[in-house]
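Asker: So here's target_25.txt, just compact mmCIF, C-alpha atoms:
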# COMPACT_ATOMS: atom_id res chain seq x y z
CA MET A 1 51.44 25.86 -31.75
CA LEU A 2 52.14 22.12 -31.82
CA LEU A 3 55.27 22.52 -29.68
CA ARG A 4 53.36 24.65 -27.14
CA ALA A 5 50.58 22.04 -26.97
CA LEU A 6 53.12 19.25 -26.44
CA ARG A 7 54.88 21.28 -23.75
CA ARG A 8 51.61 21.88 -21.89
CA ARG A 9 50.82 18.17 -22.04
CA TRP A 10 54.30 17.29 -20.75
CA GLU A 11 54.08 19.81 -17.89
CA SER A 12 50.86 18.12 -16.79
CA TYR A 13 52.10 14.55 -17.24
CA LYS A 14 55.73 14.64 -16.07
CA TYR A 15 54.83 14.19 -12.38
CA ARG A 16 53.55 10.71 -13.27
CA PHE A 17 56.63 9.79 -15.36
CA VAL A 18 58.85 7.70 -13.06
CA PRO A 19 62.24 8.48 -14.75
CA TRP A 20 61.53 12.22 -14.49
CA ILE A 21 60.61 11.86 -10.83
CA ALA A 22 63.83 9.94 -10.10
CA LEU A 23 65.98 12.57 -11.81
CA ASN A 24 64.30 15.49 -10.07
CA LEU A 25 64.00 14.26 -6.49
CA ARG A 26 67.06 16.18 -5.33
CA HIS A 27 66.26 19.31 -7.31
CA LYS A 28 62.56 19.63 -6.48
CA ARG A 29 62.51 19.03 -2.75
CA ARG A 30 59.88 21.70 -2.25
CA THR A 31 57.46 19.64 -4.32
CA LEU A 32 58.01 16.51 -2.21
CA ARG A 33 56.31 15.39 0.97
CA PHE A 34 58.08 12.62 2.89
CA VAL A 35 55.69 10.47 4.89
CA PRO A 36 56.90 8.10 7.64
CA GLU A 37 55.74 4.58 6.87
CA GLU A 38 54.17 4.13 10.29
CA SER A 39 51.84 7.11 9.71
CA LYS A 40 50.10 5.35 6.79
CA ASP A 41 49.98 8.76 5.10
CA LYS A 42 47.41 10.10 7.59
CA THR A 43 47.65 13.83 8.15
CA ILE A 44 44.49 13.80 10.27
CA SER A 45 42.70 10.85 11.85
CA ASP A 46 40.13 8.75 9.99
CA GLU A 47 37.62 9.71 12.66
CA ASN A 48 38.21 13.38 11.86
CA VAL A 49 37.64 12.72 8.16
CA LEU A 50 34.47 10.74 8.86
CA GLN A 51 32.97 13.36 11.18
CA THR A 52 33.66 16.17 8.69
CA LEU A 53 31.99 14.23 5.87
CA LEU A 54 28.99 13.37 8.04
CA LYS A 55 28.61 16.97 9.18
CA THR A 56 28.80 18.33 5.64
CA PHE A 57 26.54 15.72 4.09
CA LYS A 58 23.93 16.13 6.81
CA SER A 59 23.81 19.86 6.11
CA LEU A 60 23.41 19.22 2.38
CA PHE A 61 20.69 16.64 3.05
CA VAL A 62 18.72 18.88 5.41
CA ASN A 63 19.06 21.86 3.07
CA ASP A 64 17.46 19.81 0.28
CA MET A 65 14.81 18.15 2.43
CA ALA A 66 11.95 18.75 -0.02
CA ARG A 67 13.72 16.69 -2.71
CA GLN A 68 14.57 14.00 -0.17
CA MET A 69 10.97 13.22 0.76
CA PRO A 70 10.52 10.32 -1.76
CA LEU A 71 13.62 8.68 -0.28
CA LEU A 72 12.45 9.23 3.30
CA SER A 73 9.06 7.75 2.53
CA LEU A 74 10.81 4.47 1.64
CA LEU A 75 13.06 4.54 4.70
CA PRO A 76 10.92 5.21 7.79
CA GLU A 77 13.83 4.42 10.11
CA VAL A 78 15.83 7.18 8.41
CA ARG A 79 12.90 9.58 8.35
CA SER A 80 12.52 9.33 12.11
CA LYS A 81 15.96 10.95 12.51
CA TYR A 82 14.75 14.09 10.74
CA LEU A 83 11.28 14.56 12.20
CA GLU A 84 12.28 17.81 13.92
CA VAL A 85 14.42 19.13 11.08
CA PRO A 86 11.88 21.46 9.38
CA ASN A 87 11.49 23.48 12.59
CA ALA A 88 15.26 23.99 12.75
CA GLN A 89 15.67 25.21 9.18
CA PRO A 90 16.25 28.87 8.26
CA GLU A 91 12.87 30.35 7.41
CA THR A 92 11.53 33.60 6.07
CA SER A 93 10.27 36.06 8.66
CA THR A 94 7.17 37.01 6.67
CA ALA A 95 4.83 35.22 4.32
CA ILE A 96 2.10 35.98 1.86
CA GLY A 97 -1.46 35.95 3.12
CA ASP A 98 -1.76 33.93 6.32
CA ASN A 99 1.71 34.58 7.79
CA GLN A 100 2.89 31.03 7.06
CA ARG A 101 6.62 30.60 6.71
CA SER A 102 8.53 28.74 4.03
CA GLN A 103 11.96 27.13 4.03
CA ILE A 104 14.90 28.76 2.26
CA THR A 105 17.09 26.46 0.18
CA PHE A 106 20.74 27.50 -0.07
CA HIS A 107 23.19 26.79 -2.88
CA ALA A 108 25.66 23.98 -2.15
CA GLU A 109 28.58 26.42 -1.78
CA ASP A 110 26.58 28.42 0.76
CA VAL A 111 25.83 25.23 2.72
CA LEU A 112 29.55 24.43 2.79
CA PHE A 113 30.35 27.93 4.04
CA ASN A 114 27.64 27.80 6.72
CA THR A 115 28.81 24.35 7.86
CA LEU A 116 32.62 24.42 7.70
CA GLY A 117 33.30 28.16 7.53
CA PHE A 118 34.65 28.27 3.99
CA SER A 119 33.66 27.63 0.39
CA ILE A 120 35.75 26.52 -2.59
CA ALA A 121 35.23 26.69 -6.34
CA ARG A 122 36.94 26.11 -9.66
CA ARG A 123 38.55 29.16 -11.27
CA ARG A 124 41.28 29.87 -13.79
CA SER A 125 44.57 28.97 -12.11
CA SER A 126 47.10 31.60 -11.10
CA LEU A 127 49.77 29.42 -12.76
CA VAL A 128 50.55 30.17 -16.39
CA SER A 129 49.15 27.49 -18.74
CA ALA A 130 47.79 25.48 -15.80
CA GLY A 131 44.16 25.83 -16.89
CA THR A 132 41.62 25.31 -14.13
CA GLY A 133 42.49 25.51 -10.45
CA VAL A 134 40.62 25.44 -7.13
CA PHE A 135 40.35 28.49 -4.87
CA VAL A 136 38.99 29.31 -1.44
CA THR A 137 36.27 31.76 -2.40
CA ARG A 138 35.02 32.69 1.08
CA GLY A 139 35.95 32.13 4.68
CA PHE A 140 39.05 30.63 6.26
CA VAL A 141 40.45 27.08 6.18
CA PRO A 142 42.40 26.18 9.35
CA LYS A 143 45.37 23.83 9.17
CA GLY A 144 44.27 20.19 9.43
CA THR A 145 40.85 20.78 7.86
CA LEU A 146 39.35 18.53 5.19
CA VAL A 147 39.00 20.98 2.30
CA ALA A 148 38.07 18.89 -0.78
CA MET A 149 37.49 15.40 -2.20
CA TYR A 150 38.97 13.67 -5.26
CA PRO A 151 36.01 12.30 -7.28
CA GLY A 152 36.05 9.49 -9.81
CA THR A 153 35.78 5.81 -10.64
CA VAL A 154 37.78 3.55 -8.32
CA TYR A 155 39.77 0.73 -9.94
CA GLU A 156 41.67 -2.10 -8.34
CA ASN A 157 45.21 -2.33 -9.71
CA TYR A 158 44.31 -5.40 -11.83
CA GLU A 159 41.20 -3.91 -13.47
CA PRO A 160 41.13 -2.53 -17.05
CA ILE A 161 41.85 1.19 -17.24
CA PHE A 162 44.09 1.39 -20.33
CA PHE A 163 41.73 3.19 -22.70
CA GLN A 164 40.46 5.52 -19.98
CA SER A 165 44.04 6.48 -19.11
CA ILE A 166 45.16 7.56 -22.60
CA GLY A 167 45.91 11.28 -22.47
CA ASN A 168 44.23 11.44 -19.06
CA PRO A 169 46.00 13.63 -16.45
CA PHE A 170 43.38 12.86 -13.77
CA ILE A 171 44.48 9.34 -12.76
CA PHE A 172 45.28 9.24 -9.03
CA ARG A 173 47.29 6.30 -7.67
CA CYS A 174 46.82 5.33 -4.03
CA ILE A 175 49.62 3.85 -1.94
CA ASP A 176 48.24 0.30 -2.33
CA GLY A 177 47.91 0.59 -6.12
CA VAL A 178 44.19 1.44 -6.21
CA LEU A 179 43.50 3.97 -8.99
CA ILE A 180 40.92 6.75 -9.11
CA ASP A 181 39.98 8.21 -12.48
CA GLY A 182 38.85 11.78 -11.84
CA ASN A 183 38.30 12.76 -15.48
CA ASP A 184 34.85 14.26 -16.07
CA LYS A 185 34.95 13.88 -19.85
CA GLY A 186 34.99 11.22 -22.57
CA ILE A 187 35.22 7.51 -21.76
CA SER A 188 35.89 8.21 -18.08
CA LYS A 189 32.65 10.14 -17.75
CA ALA A 190 30.68 7.40 -19.51
CA VAL A 191 32.17 4.68 -17.29
CA TYR A 192 31.40 6.58 -14.09
CA ARG A 193 27.82 7.29 -15.13
CA SER A 194 27.29 3.64 -16.11
CA CYS A 195 28.66 2.31 -12.80
CA SER A 196 26.58 4.81 -10.86
CA LYS A 197 23.34 3.72 -12.52
CA ARG A 198 24.27 0.09 -11.90
CA ASP A 199 24.52 0.66 -8.15
CA GLN A 200 21.37 2.79 -7.78
CA LEU A 201 18.44 1.17 -5.95
CA GLY A 202 15.28 2.86 -7.17
CA PRO A 203 15.37 6.46 -5.88
CA LEU A 204 18.20 5.52 -3.51
CA LYS A 205 21.51 6.72 -4.96
CA MET A 206 24.76 5.16 -3.77
CA ASN A 207 26.97 7.96 -5.11
CA ASP A 208 27.01 11.45 -6.59
CA VAL A 209 26.94 11.93 -10.37
CA SER A 210 26.60 15.70 -10.34
CA TRP A 211 30.38 16.37 -10.22
CA ILE A 212 30.64 15.42 -13.91
CA VAL A 213 28.24 18.23 -14.84
CA ALA A 214 28.32 21.98 -14.19
CA ALA A 215 26.58 22.17 -10.80
CA ALA A 216 28.02 19.76 -8.22
CA GLN A 217 25.65 18.53 -5.53
CA ASN A 218 28.66 18.00 -3.26
CA PRO A 219 30.73 21.24 -3.32
CA LEU A 220 33.81 19.40 -2.00
CA ALA A 221 34.09 17.26 -5.15
CA VAL A 222 36.56 19.44 -7.07
CA GLY A 223 39.84 17.96 -5.81
CA GLN A 224 40.90 16.65 -9.22
CA TYR A 225 41.42 20.24 -10.38
CA VAL A 226 43.90 21.16 -7.64
CA ASN A 227 47.19 21.99 -9.34
CA ASN A 228 50.66 20.81 -8.40
CA CYS A 229 52.90 23.06 -6.34
CA SER A 230 55.97 24.66 -7.86
CA ALA A 231 59.17 26.43 -6.83
CA ASP A 232 57.26 29.62 -5.95
CA LYS A 233 53.89 28.05 -5.04
CA ALA A 234 54.30 25.76 -2.04
CA ALA A 235 51.79 23.00 -1.36
CA ASN A 236 49.06 24.01 1.08
CA VAL A 237 46.99 20.79 0.88
CA CYS A 238 47.85 17.09 0.74
CA TYR A 239 46.01 13.91 -0.24
CA GLN A 240 44.77 11.38 2.28
CA GLU A 241 43.11 8.05 1.55
CA PHE A 242 39.98 7.01 3.43
CA ASP A 243 37.76 3.91 3.23
CA ILE A 244 34.04 4.51 3.76
CA PRO A 245 32.94 2.36 6.75
CA GLU A 246 29.95 0.03 6.65
CA CYS A 247 28.17 2.19 9.23
CA PHE A 248 28.08 5.16 6.84
CA PRO A 249 24.45 6.44 6.71
CA ILE A 250 22.69 5.24 3.60
CA GLU A 251 20.99 8.60 3.03
CA PHE A 252 24.38 10.33 2.74
CA LYS A 253 25.84 8.01 0.10
CA GLN A 254 24.23 10.17 -2.59
CA TYR A 255 26.97 12.74 -1.88
CA LEU A 256 29.95 10.38 -2.30
CA PRO A 257 31.66 11.37 -5.58
CA ASN A 258 33.23 7.93 -6.06
CA VAL A 259 32.04 4.58 -7.39
CA SER A 260 33.80 1.21 -7.66
CA TYR A 261 34.36 -0.03 -11.20
CA SER A 262 33.60 -3.61 -10.25
CA HIS A 263 30.40 -4.52 -8.44
CA GLU A 264 32.05 -7.72 -7.15
CA VAL A 265 34.86 -6.08 -5.20
CA GLN A 266 34.31 -6.92 -1.53
CA ARG A 267 36.00 -3.97 0.11
CA PRO A 268 34.96 -0.55 1.44
CA LEU A 269 34.64 2.26 -1.08
CA ARG A 270 37.94 4.13 -1.36
CA VAL A 271 37.84 7.91 -1.36
CA VAL A 272 40.64 10.46 -1.30
CA VAL A 273 40.32 13.74 0.57
CA LEU A 274 42.53 16.83 0.54
CA VAL A 275 43.63 18.21 3.90
CA ALA A 276 45.00 21.69 4.61
CA LEU A 277 48.73 21.71 5.49
CA LYS A 278 48.52 25.32 6.67
CA ASP A 279 45.94 28.03 7.27
CA ILE A 280 44.41 29.08 3.94
CA GLY A 281 42.61 32.39 3.51
CA PRO A 282 40.01 33.66 1.02
CA GLY A 283 41.27 34.14 -2.52
CA GLU A 284 44.13 31.64 -2.15
CA GLU A 285 44.54 28.82 -4.65
CA LEU A 286 44.96 25.24 -3.46
CA PHE A 287 48.21 23.48 -4.38
CA SER A 288 49.11 19.86 -3.70
CA ASN A 289 52.03 17.47 -4.23
CA TYR A 290 51.39 15.29 -7.27
CA TYR A 291 53.74 12.66 -5.89
CA THR A 292 54.61 11.55 -2.38
CA ILE A 293 57.60 9.57 -1.18
CA VAL A 294 56.71 7.09 1.57
CA SER A 295 59.91 6.31 3.42
Could you rewrite the structure in this file as structure tokens?
Answerer:
Amino acid sequence: MLLRALRRRWESYKYRFVPWIALNLRHKRRTLRFVPEESKDKTISDENVLQTLLKTFKSLFVNDMARQMPLLSLLPEVRSKYLEVPNAQPETSTAIGDNQRSQITFHAEDVLFNTLGFSIARRRSSLVSAGTGVFVTRGFVPKGTLVAMYPGTVYENYEPIFFQSIGNPFIFRCIDGVLIDGNDKGISKAVYRSCSKRDQLGPLKMNDVSWIVAAAQNPLAVGQYVNNCSADKAANVCYQEFDIPECFPIEFKQYLPNVSYSHEVQRPLRVVVLVALKDIGPGEELFSNYYTIVS
């Protein structure tokens, strides 16, 4: 039992162990993705990423308009953008009594499907001993589509993350050394929740906390559970870094599943998205490359 547990831990960790990577580069070419330096590791444009996030978050916001009313009452300039929204929402065709109609609220996965044409969810992985994976549950994901986000606390490379990283397979390292801790348990969970409350302004949330509980408000925030590709399971998604611009609508920040560890860091919030490398159909599991060689 102990040996099996150690083997499972090693299988999860080895892709972050530099000597193992160096020894296996020539033997595991199917698990590698070579990125030309001039591309800055961009599979799709930043504008494409931004527009997809805005489109998805707007749909989530409009779908949950009743809960958003306290926020809108504090931000009249934001409320003016949604004055006509209730008339555009899906409504019931009949009503009780006086034929009034009421708005239907969809689940987050349904909103994602209605907006982007697919939905994703966590399920038991098709890989033996891999634990949880992420699957396309409905619809079709075209090549070049933003399909998920990697949630977590964002650390600069000089900030303390030692204790959070012990036995933690969810640490993602960006090209510039920025780290994202996508663990939804233990110390990592406590740190994320604490930083999130620190940044909240009254009812105005600057990020999404729901990904660390059972029901995620942002259905894209499951990227940390995407498993690594293998010899018989080729990668069908890849990671791409994206900095949230200053012009990002304040009412949509509640759906960002990332928070900076330090409040003093004067830089845009770093997020990591997963982009489809090929067409992905319903029932398929998502697989990524846990390490990328930038030539």
Asker: Which centre and edge lengths in Å to one decimal define the box along x, y and z that fits every listed atom of region 224-229 of chain A plus 8 Å per side, as AutoDock Vina command-line options?
Answerer:
--center_x 46.9 --center_y 19.9 --center_z -8.4 --size_x 28.0 --size_y 22.4 --size_z 20.0
Asker: Restricting the calculation to all atoms listed in the file, which member of A:Ile250, A:Val178, A:Ile280, A:Cys238 is positioned closest to Val78 (chain A)?
Answerer: A:Ile250
Asker: Considering all atoms listed in the file, return as a PyMOL selection string whatever protein or nucleic-acid residues lie within 12 Å of Leu71 (chain A), sequence-local ones (same chain, fewer than 5 positions apart) excluded.
Answerer: chain A and resi 61+64-66+76-79+201-205+250-252+254
Asker: Which one of A:Phe287, A:Tyr192, A:Phe170, A:Phe162 sits closest to Ala148 (chain A) if you count all atoms listed in the file?
Answerer: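 Among the listed residues, A:Phe287 lies closest to Ala148 (chain A).
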Asker: What is the distance between CA of Leu74 (chain A) and CA of Asn258 (chain A), in Å to one decimal?
Answerer: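 Distance between the two atoms: 24.0 Å.
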Asker: Could you tell me how far CA of Val271 (chain A) sits from CA of Tyr82 (chain A), in Å to one decimal place?
Answerer: 26.8 Å
Asker: For region 179-251 of chain A against region 115-127 of chain A, with a cut-off of 10 Å and counting all atoms listed in the file, what is the closest atom pair and its distance in Å to one decimal for every residue that makes the cut, ordered by chain and number, as JSON lines?
Answerer:
{"residue": "A:Pro219", "atom": "CA", "partner": "A:Ile120", "partner_atom": "CA", "distance": 7.3}
{"residue": "A:Leu220", "atom": "CA", "partner": "A:Ile120", "partner_atom": "CA", "distance": 7.4}
{"residue": "A:Ala221", "atom": "CA", "partner": "A:Ala121", "partner_atom": "CA", "distance": 9.6}
{"residue": "A:Val222", "atom": "CA", "partner": "A:Arg122", "partner_atom": "CA", "distance": 7.2}
{"residue": "A:Gly223", "atom": "CA", "partner": "A:Arg122", "partner_atom": "CA", "distance": 9.5}
{"residue": "A:Tyr225", "atom": "CA", "partner": "A:Arg122", "partner_atom": "CA", "distance": 7.4}
{"residue": "A:Val226", "atom": "CA", "partner": "A:Arg122", "partner_atom": "CA", "distance": 8.8}
{"residue": "A:Asn227", "atom": "CA", "partner": "A:Ser125", "partner_atom": "CA", "distance": 8.0}
{"residue": "A:Asn228", "atom": "CA", "partner": "A:Leu127", "partner_atom": "CA", "distance": 9.7}
{"residue": "A:Cys229", "atom": "CA", "partner": "A:Leu127", "partner_atom": "CA", "distance": 9.6}
{"residue": "A:Ser230", "atom": "CA", "partner": "A:Leu127", "partner_atom": "CA", "distance": 9.2}
{"residue": "A:Lys233", "atom": "CA", "partner": "A:Leu127", "partner_atom": "CA", "distance": 8.9}
Asker: Can you measure CA of Ser260 (chain A) to CA of Val111 (chain A) for me? One decimal in Å is fine.
Answerer: 27.4 Å
Asker: Near Pro142 (chain A), within 7 Å and counting only C-alpha atoms, which residues show up once chain neighbours fewer than 2 positions away are dropped, as a VMD selection string?
Answerer: chain A and resid 140 144 to 145 278 to 280
Asker: Need to verify the contact set: Ser188 (chain A), 10 Å, only C-alpha atoms, exclusion of same-chain residues closer than 6 positions in sequence. Can you return it as a ChimeraX atom specification?
Answerer: /A:152-153,161,163-165,168,170,181-182,194,212
Asker: Which residues are close to Ser45 (chain A), i.e. within 12 Å by all atoms listed in the file, leaving aside same-chain residues fewer than 4 positions away? Reply as a CSV table (one decimal) with C-alpha atoms, in the coordinates of the input.
Answerer:
chain,number,residue,atom,x,y,z
A,39,SER,CA,51.8,7.1,9.7
A,40,LYS,CA,50.1,5.4,6.8
A,41,ASP,CA,50.0,8.8,5.1
A,49,VAL,CA,37.6,12.7,8.2
A,50,LEU,CA,34.5,10.7,8.9
A,51,GLN,CA,33.0,13.4,11.2
A,52,THR,CA,33.7,16.2,8.7
A,144,GLY,CA,44.3,20.2,9.4
A,145,THR,CA,40.8,20.8,7.9
A,146,LEU,CA,39.4,18.5,5.2
A,240,GLN,CA,44.8,11.4,2.3
A,241,GLU,CA,43.1,8.0,1.6
A,242,PHE,CA,40.0,7.0,3.4
A,273,VAL,CA,40.3,13.7,0.6
A,275,VAL,CA,43.6,18.2,3.9
